[in-house]
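Here is the structure we will look at.
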Amino acid sequence: MKSKKLALLAFTITSFFSTGVMADDVDSSFVLKRIQERGVINMGHRESSVPFSYIGKEGKPMGYSIDLCHKIINQIKEVTGKKDLKINYVPVTSQTRIALMSNGTIDIECGSTTNNLTRQNQVDYLPITFITGAKLVSKKGSGISKIEDLDGKIMGLPLGSNTEKIIRGIAKKKGLKIKYIMTKDHPQAWLTLESGRIDAYAADGVLLYGLISKAKKPDDFQVTDKFLSYDPYGIMVPHDDSTYRRLGNVVLADMMRSGEILKVYDKWFNPGPTGINMPISNRLKMAFELQALPH
Amino acid sequence: MNYNWNWGILVTDPYLAWIFSGLGWTLLVALSAWLIAFSLGSVIGIMRTADNPMLRTIGAIYVEIFRNIPLLVQMFLWYFIFPELLPQEAGMWVKRGIPMPEFWTAVICLGTYTASRVAEQVRAGINAISQGQRQAAKAIGLSPAQVYRYVLLPISYRTIIPPMTSEFLGIFKNSSLALTIGVLELTAQTRQIEEYTFQGFEAFTAATILYIFVTFMVMFIMMKVEKKVSIPGMTSLGAK
Amino acid sequence: MFENFDYQVVIDSIPFLWEGMKLTFLLTFLAIAGGLFLGVLLALARLSNIKVLSFAAASYVNFFRSMPLILVIFWFYFLVPYIVGRPVGGFYSVLVAFTLFEAAYYCEIMRAGIQSVKQGQLQAGQALGLSYMQNMRYVVLPQAFRNMTPILLTQAVILFQDTSLVYVVGLHDFLVNAEIVASRDNRLIEMFTTVAVVYFVLCLSFSLSIRSLQRKFSV
C-alpha cells in the first residue's frame, strides 16, 4: 500500500506540468477506477481485420489499431500507478463489440470501427485514426468503373453494414436496377466474386486492397477510384466517461503532433507486413494535423 | 449497464417490416427443408433397417456423410464447391440462372442434413420394436413392404414423436445458418437492425421471443398429435 | 477452383488448429457428462406421477428446446455480467449454457427411450416387488439406454460440431480457428475443405467405435 502511494506521489510530481489526465483524476473515471481495482485492462480486438487488428501467425492480436491502443495503455499504466497492468485480450466481432462495451466486458475496442453519429448514442470514440470509404471491386475486363455500370447486374454487399445502407441509397436515387446478394464476411464475398456469382462487391476501400493483396491472382482485379461513402475509423471507448476519453485523446494528439503516428502507419501500411502497400493519403495526413490539438 | 435502451425502434419503419420479412423467410426455409428432411430421412431410415445389406450400406453411408460434417461447413460446400464440380454451364446456371440461388441452396443443404438425423430417429424407432412383432407379421404372411406399412412404421413413428419434435424444432433454429450464404431470415434481419441502429439488445430480444413463439406453436401441435395417435398400453409409462 | 489448392496455409496453421481442437474436445466431454446427468434426472421427473415435478421438468425442456443455442449463449454471456456486476469468463459461461441446453435434449431422448420399454417389463418388475427406483435402475434404464444409444450418439456428434458457437463469447474451438485463418489469409476453400475432412474422419471413427461397443453389450 505504501509503495503504491509512493509511486503515485512520484508520478504526480513528474507529471506536474503535463496537461494530461493525472492520478487524481482516476476517481472521476469509472473505467480507470475499475481497471485500477482489477489490475487488468480488457482490450477488445478483431480477429481478421487486416492490418488493423488481427490474430498473427503466433496467435497474438496485432495490427495498426492494436499498436495505437498499446500507447494508450502505457499511459493508463502511468495514471493508475499499475506498472504491471495485465492486458486481457477479448476477441470481438462486429455483432458483439457494442454489447461487450455496454456490459462492461471490454474497456477499449481496437479494431476497424467507423465512427458515426448513431453509434455515438451507445459508445464514444477517440480521434479519427484512419479514413476510408466504400469502393467497388470487380474482375478486370468487366467494364465496371462506376456504380452506374452495375445497372441490371448482380452485386455483393456486406450483410448489415454501413456500406450496404449507402449503396442501396445511391442506387435508389439514381434509379439503378441492381440485384443484391448479402455476404457474411469479406473473404466469403471475395469467393462469390471469384466464382462469378456477383459482378462487383462494395466494401471499405482499405479492406478491398487488403483482400486483393492476399488473392491468388491479385492482377485479375480492379478497384474503382471514387469513394462512395465516408468512413472514418476510430478507437471505441465506453460511453459517458470524459476523463477516460480525454486520456486517449491526449495520447493520440501527442502522437499526431510529434509525427509518431506516421511511423506506426508506415509500419502497417507502407508496405506493411501483409503487403497492402498503401502510402498515407493526403486526406488522412490532413486529419492528423487537424486533430493534433495543442496542450 | 451503460446502454441506451430504445424499445420503440422495434416498431419503427422499416425495422418492423424487416423483422416480419425475416420471420417469413425463416418459416419458408424451415418448412421447405422439413419436406425434404422428413421424406428423405424416412426412406434412409427404413433402408437402414432393411434385410438387404446393400440398402443398409447405402443408408449408413448417407447418414455418416451428412451428420459428420458441421452444418455451417456443409452450407459452404453446397454454395461454393458444389457448382464448381458441375460442367461450367450448369454451374453458372446454379450460381446465377435460377431465381434466388441462396434460398434453394439453403433449403437443400438444411433438408439433406436434417434427413440424416431424421433417418437415425426412424431407425431407432423401428429397432426399438421387439423382434416378435416383425416375426409375427411375417408369420401371418405379410410381404416385407406390408410389414413396414402395417406393423413397424405405425408403431415406430408414434414412439419417436418426442425426438422428432426436437428435429423439427431444430430445423427452425438451424435455418439461421442460411444467413451465412445470404438468405435474409430472422437472425440476419436482427443483425441488419443492430448495425443500422446499434440497438442490438432490443433486436435480439425480438428474435428470441419470435423463435420461442414459433417453437411453442410447433410443440403445442406435436403434443396434440402425440396424444391423438397414442395407442393405449403400447408404452411403459404412457405418453405425457 | 482446386487447381491451385494452397496446402502450405493448412500445414502452417496446424498448431493453431490443434489449440482449438483441444477446446472442442474439452467442452464436448464436459457438456455431455453434465448434460446426461441432468438429462436423466429431468426425464425421470418428467415421467413421474408427481404433477409439479413433471410440469417443472416439461417447462424446462420446452423452454430450452425453443431457443436457438446461439441465443442461449448470447444471453448468458451478455446478461450475467450485468446481473453479477463483473465480467464472467467466457468458458464457464458457455459451459453452463451448453450443459443446460444439452440436458433438455437428453431428457427428450431418454423419455422416448424409457417409453419404448414395454409395459410388461415394468409390471414384471413391480410383481417382483421392486420399488420405483429399483425398477428404473435395474429394469427400465438399462434397456432404454440401449435403445437410445444411436440417438445419444447423434446428439453427441451434434454437440461436438456445435462447439463452434463459442465464437460468440470470443473463445476459439477448431472450427473458429479454421475460420480465422481462412479469413486472415483469404484461403476459404482450403480451410473449409480441411475442416470437413477432419470432422468427418473424427466423427466417423467415434461413431464406429461406439457401435462396436454397442454390439458387445447388446441384449
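Letters for chains follow the order of the C-alpha cells (A, B, ...), residue numbers begin at 1 for each chain, and ligand numbers begin at 1 in the order shown.
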Item to check | Residues of chain B within 6 Å of chain A, counting only C-alpha atoms, as a VMD selection string | outcome: chain B and resid 1 to 3 95 180 182 192 195
Given the selection you just returned, output its residues as a file containing C-alpha atoms, formatted as a compact mmCIF listing (two decimals), in the first residue's frame.
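Writing the result to again_26.txt gives the following:
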# COMPACT_ATOMS: atom_id res chain seq x y z
CA MET B 1 -25.45 -1.25 -17.71
CA ASN B 2 -24.01 1.50 -19.87
CA TYR B 3 -26.60 1.18 -22.62
CA LYS B 95 -24.92 -19.72 -59.45
CA THR B 180 -24.11 -17.28 -43.99
CA GLY B 182 -27.10 -14.51 -47.83
CA GLN B 192 -29.13 -5.76 -40.02
CA GLU B 195 -25.92 -2.50 -37.50
Could you make a table, as a tab-separated table, of the residues of chain C that have an atom within 9 Å of an atom of chain A, each with its nearest atom pair and distance in Å to one decimal, counting only C-alpha atoms, in chain and number order?
residue	atom	partner	partner_atom	distance
C:Met1	CA	A:Ser195	CA	8.2
C:Asn4	CA	A:Lys216	CA	8.3
C:Asp12	CA	A:Lys57	CA	8.6
C:Ser13	CA	A:Lys57	CA	8.0
C:Phe16	CA	A:Gly59	CA	7.1
C:Phe78	CA	A:Asn103	CA	6.7
C:Leu79	CA	A:Asn103	CA	7.8
C:Pro81	CA	A:Asn103	CA	6.7
C:Tyr82	CA	A:Asn103	CA	6.0
C:Gly85	CA	A:Gly104	CA	8.6
C:Arg86	CA	A:Gly104	CA	7.3
C:Pro87	CA	A:Thr105	CA	5.2
C:Val88	CA	A:Thr105	CA	8.2
C:Tyr167	CA	A:Pro91	CA	8.7
C:Val168	CA	A:Thr96	CA	7.4
C:Val169	CA	A:Pro91	CA	8.0
C:Gly170	CA	A:Pro91	CA	4.9
C:Leu171	CA	A:Pro91	CA	7.8
C:Ile180	CA	A:Ser48	CA	6.2
C:Val181	CA	A:Ser48	CA	8.0
C:Ala182	CA	A:Pro187	CA	7.8
C:Ser183	CA	A:Pro187	CA	5.5
C:Arg184	CA	A:Ser48	CA	4.8
C:Asp185	CA	A:Lys214	CA	6.4
C:Asn186	CA	A:Pro187	CA	5.7
C:Arg187	CA	A:Pro187	CA	8.1
C:Leu188	CA	A:Pro187	CA	7.3
C:Ile189	CA	A:Leu191	CA	8.6
Checklist entry - Do you know which residues are at most 10 Å from Arg65 of chain C counting only C-alpha atoms, after dropping those on the same chain fewer than 6 positions away, and could you put them as a ChimeraX atom specification? => result /B:165-166,169-170,173,212,215-216,219 /C:59,101-105,108
Checklist entry - Neighbours of Thr187 of chain B within 10 Å (only C-alpha atoms; same-chain residues fewer than 2 positions away dropped), as a list in words? => result Ile19, Gly22, Leu23, Thr26, Lys173, Ser175, Ser176, Leu177, Ala178, Leu179, Val183, Leu184, Glu185, Gln189, Thr190, Arg191, Gln192, Ile193, Ala203, Phe204, Ala207, Thr208 and Tyr211 of chain B; Leu71 of chain C
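In this structure, atom CA of Ala202 of chain A sits 11.3 Å away from atom CA of Leu150 of chain A.
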